[in-house]
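Student: Input structure: final.cif, which contains mmCIF, C-alpha atoms.
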data_run
loop_
_atom_site.label_atom_id
_atom_site.label_comp_id
_atom_site.auth_asym_id
_atom_site.auth_seq_id
_atom_site.Cartn_x
_atom_site.Cartn_y
_atom_site.Cartn_z
CA MET A 1 1.48 -18.14 20.89
CA LYS A 2 2.72 -17.16 24.31
CA HIS A 3 2.59 -13.64 25.60
CA VAL A 4 5.96 -12.00 24.85
CA THR A 5 7.51 -10.77 28.08
CA ASN A 6 11.25 -10.83 27.36
CA PRO A 7 12.25 -7.27 26.35
CA GLU A 8 15.63 -8.47 25.07
CA GLN A 9 14.02 -10.81 22.57
CA CYS A 10 14.62 -9.75 18.99
CA GLN A 11 11.31 -8.23 17.91
CA THR A 12 11.98 -9.21 14.30
CA VAL A 13 11.63 -12.84 15.36
CA VAL A 14 8.20 -12.07 16.83
CA ALA A 15 7.10 -10.43 13.57
CA LEU A 16 8.42 -13.27 11.44
CA ASP A 17 6.87 -15.95 13.65
CA THR A 18 3.52 -14.26 13.09
CA ILE A 19 3.57 -13.91 9.30
CA VAL A 20 6.08 -16.42 7.94
CA GLY A 21 5.23 -19.80 6.56
CA LYS A 22 4.66 -21.23 3.14
CA TRP A 23 1.07 -19.99 2.97
CA LYS A 24 0.56 -17.16 5.47
CA PRO A 25 2.00 -14.41 3.24
CA VAL A 26 -0.19 -15.61 0.36
CA ILE A 27 -3.30 -15.64 2.56
CA LEU A 28 -2.50 -12.18 3.89
CA TYR A 29 -1.74 -10.76 0.45
CA ILE A 30 -5.11 -12.00 -0.86
CA LEU A 31 -7.06 -10.71 2.15
CA LEU A 32 -5.31 -7.34 1.93
CA GLU A 33 -7.22 -6.79 -1.32
CA GLY A 34 -10.04 -5.86 1.05
CA LYS A 35 -12.83 -8.11 -0.15
CA PRO A 36 -14.36 -10.49 2.43
CA LEU A 37 -13.74 -14.05 1.30
CA ARG A 38 -15.30 -17.34 2.23
CA PHE A 39 -13.12 -20.34 3.01
CA ASN A 40 -13.68 -22.02 -0.37
CA GLU A 41 -12.95 -18.77 -2.20
CA LEU A 42 -9.58 -18.65 -0.46
CA ARG A 43 -8.96 -22.30 -1.39
CA ARG A 44 -9.70 -21.52 -5.04
CA ARG A 45 -7.27 -18.59 -4.95
CA ILE A 46 -4.57 -20.81 -3.42
CA PRO A 47 -5.06 -24.11 -5.28
CA ASP A 48 -2.04 -25.94 -3.80
CA ILE A 49 -2.96 -25.37 -0.14
CA THR A 50 -4.67 -28.18 1.72
CA GLN A 51 -7.88 -27.62 3.65
CA ARG A 52 -6.06 -28.51 6.87
CA MET A 53 -3.26 -25.99 6.28
CA LEU A 54 -5.65 -23.20 5.33
CA THR A 55 -7.74 -23.86 8.43
CA MET A 56 -4.66 -23.94 10.66
CA HIS A 57 -3.19 -20.71 9.26
CA LEU A 58 -6.52 -18.86 9.40
CA ARG A 59 -6.94 -19.88 13.05
CA GLU A 60 -3.42 -18.73 13.91
CA LEU A 61 -3.92 -15.40 12.13
CA GLU A 62 -7.26 -14.97 13.89
CA GLU A 63 -5.63 -15.64 17.28
CA GLN A 64 -3.05 -12.96 16.45
CA ASP A 65 -5.85 -10.45 15.66
CA ILE A 66 -4.66 -10.17 12.08
CA VAL A 67 -7.61 -11.88 10.41
CA HIS A 68 -11.27 -11.54 11.40
CA ARG A 69 -13.64 -14.48 11.05
CA GLU A 70 -17.29 -13.45 10.69
CA VAL A 71 -19.91 -16.17 11.19
CA TYR A 72 -23.39 -15.37 9.86
CA ALA A 73 -26.41 -16.99 11.53
CA GLN A 74 -28.00 -18.59 8.51
CA VAL A 75 -28.52 -22.02 6.97
CA PRO A 76 -26.26 -23.15 5.48
CA PRO A 77 -23.68 -21.41 7.71
CA LYS A 78 -21.74 -18.61 6.09
CA VAL A 79 -18.26 -17.64 7.28
CA GLU A 80 -16.17 -14.83 5.80
CA TYR A 81 -12.60 -13.79 6.44
CA THR A 82 -11.23 -10.25 6.30
CA MET A 83 -8.18 -8.41 7.55
CA THR A 84 -8.59 -6.62 10.86
CA GLU A 85 -7.62 -2.96 11.09
CA TYR A 86 -4.57 -4.14 13.02
CA GLY A 87 -3.81 -6.73 10.34
CA LYS A 88 -3.94 -4.06 7.64
CA THR A 89 -0.86 -2.48 9.24
CA LEU A 90 1.07 -5.38 7.70
CA ALA A 91 0.42 -4.05 4.17
CA PRO A 92 3.62 -1.97 3.85
CA ILE A 93 5.70 -4.80 5.32
CA LEU A 94 4.26 -7.38 2.92
CA GLU A 95 4.66 -4.98 -0.03
CA ALA A 96 8.31 -4.38 0.90
CA MET A 97 8.92 -8.11 1.26
CA ASN A 98 7.25 -8.76 -2.10
CA GLU A 99 9.42 -6.13 -3.81
CA TRP A 100 12.57 -7.48 -2.16
CA GLY A 101 11.60 -11.02 -3.20
CA ALA A 102 11.25 -9.94 -6.83
CA LYS A 103 14.64 -8.20 -6.74
CA HIS A 104 16.21 -11.22 -5.06
CA ILE A 105 14.93 -13.53 -7.81
CA GLN A 106 16.47 -11.21 -10.42
CA HIS A 107 19.72 -11.05 -8.47
CA MET A 108 19.97 -14.83 -8.13
CA ASN A 109 19.07 -15.39 -11.79
CA ALA A 110 21.82 -12.96 -12.83
CA LYS A 111 24.28 -14.71 -10.51
CA PHE A 112 23.47 -18.13 -11.98
CA GLU A 113 23.68 -16.79 -15.55
CA GLU A 114 27.09 -15.31 -14.71
CA GLN A 115 28.26 -18.65 -13.26
CA ASP A 116 26.99 -20.51 -16.33
CA ALA A 117 28.89 -18.10 -18.62
CA VAL A 118 32.13 -18.78 -16.74
CA GLU A 119 31.78 -22.56 -17.01
#
Could I get this structure in the form of structure tokens?
Tutor:
Amino acid sequence: MKHVTNPEQCQTVVALDTIVGKWKPVILYILLEGKPLRFNELRRRIPDITQRMLTMHLRELEEQDIVHREVYAQVPPKVEYTMTEYGKTLAPILEAMNEWGAKHIQHMNAKFEEQDAVE
């Protein structure tokens, strides 16, 4: 990602570009539990994600200083992922988005039930 230099740019777009995607919120939500996880542990927790997508998202989140990748000098190599202190500041945002998402699902279900009752 480029360095943001345009002060008129909507800062919400910057935030969303950083955390939005099909898998990034899921990855972040899991890592916010606080336990260091290895790559394959993350894959098990997110069964539908491909290895390529998980690798790509973890790299992007690492570049953004949201996720920390720790490589241990041992054989076989051991790599663990955790949230950085900076990344942990996303917790209230992700919680709020999760709560809003749950309410939105309820809202849309009620809307569709209402439409079905009219038909």
Student: Once you count all atoms listed in the file, what closest atom pair and distance in Å to one decimal does each residue of stretch 85-113 of chain A within 9 Å of stretch 54-78 of chain A have, with rows by chain and rising residue number, as a tab-separated table?
Tutor:
residue	atom	partner	partner_atom	distance
A:Glu85	CA	A:Ile66	CA	7.9
A:Tyr86	CA	A:Ile66	CA	6.1
A:Gly87	CA	A:Ile66	CA	3.9
A:Lys88	CA	A:Ile66	CA	7.6
A:Leu90	CA	A:Ile66	CA	8.7
Student: Written as a list in words, which residues does the PyMOL selection byres ((chain A and resi 21) around 12) give for the file shown?
Tutor: Ala15, Leu16, Asp17, Thr18, Ile19, Val20, Lys22, Trp23, Lys24, Pro25, Val26, Ile27, Leu28, Ile49, Met53, Leu54, Met56, His57, Glu60 and Leu61 of chain A
Student: Have a look at atom CA of A:Glu113 and atom CA of A:Glu95 and let me know their distance in Å, one decimal.
Tutor: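 Straight-line distance from atom CA of A:Glu113 to atom CA of A:Glu95 works out to 27.2 Å.
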Student: Counting only C-alpha atoms, figure out which residue out of A:Val79, A:Leu94, A:Val118, A:Leu42 gets nearest to A:Tyr29.
Tutor: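 For A:Tyr29, the nearest of the given residues is A:Leu94.
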Student: So the first atom is atom CA of A:Phe112 and the second is atom CA of A:Glu99; what is the distance between them in Å, to one decimal place?
Tutor: 20.2 Å
Student: Hey, can you check how far atom CA of A:Arg45 sits from atom CA of A:Leu32?
Tutor: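 Atom-to-atom, atom CA of A:Arg45 to atom CA of A:Leu32, that is 13.3 Å.
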Student: From the options A:Gln51, A:Asn98, A:Gln106, A:Thr84, which residue's atoms come nearest to A:Leu31, counting only C-alpha atoms?
Tutor: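 Checking each of A:Gln51, A:Asn98, A:Gln106, A:Thr84 against A:Leu31, counting only C-alpha atoms, the winner is A:Thr84.
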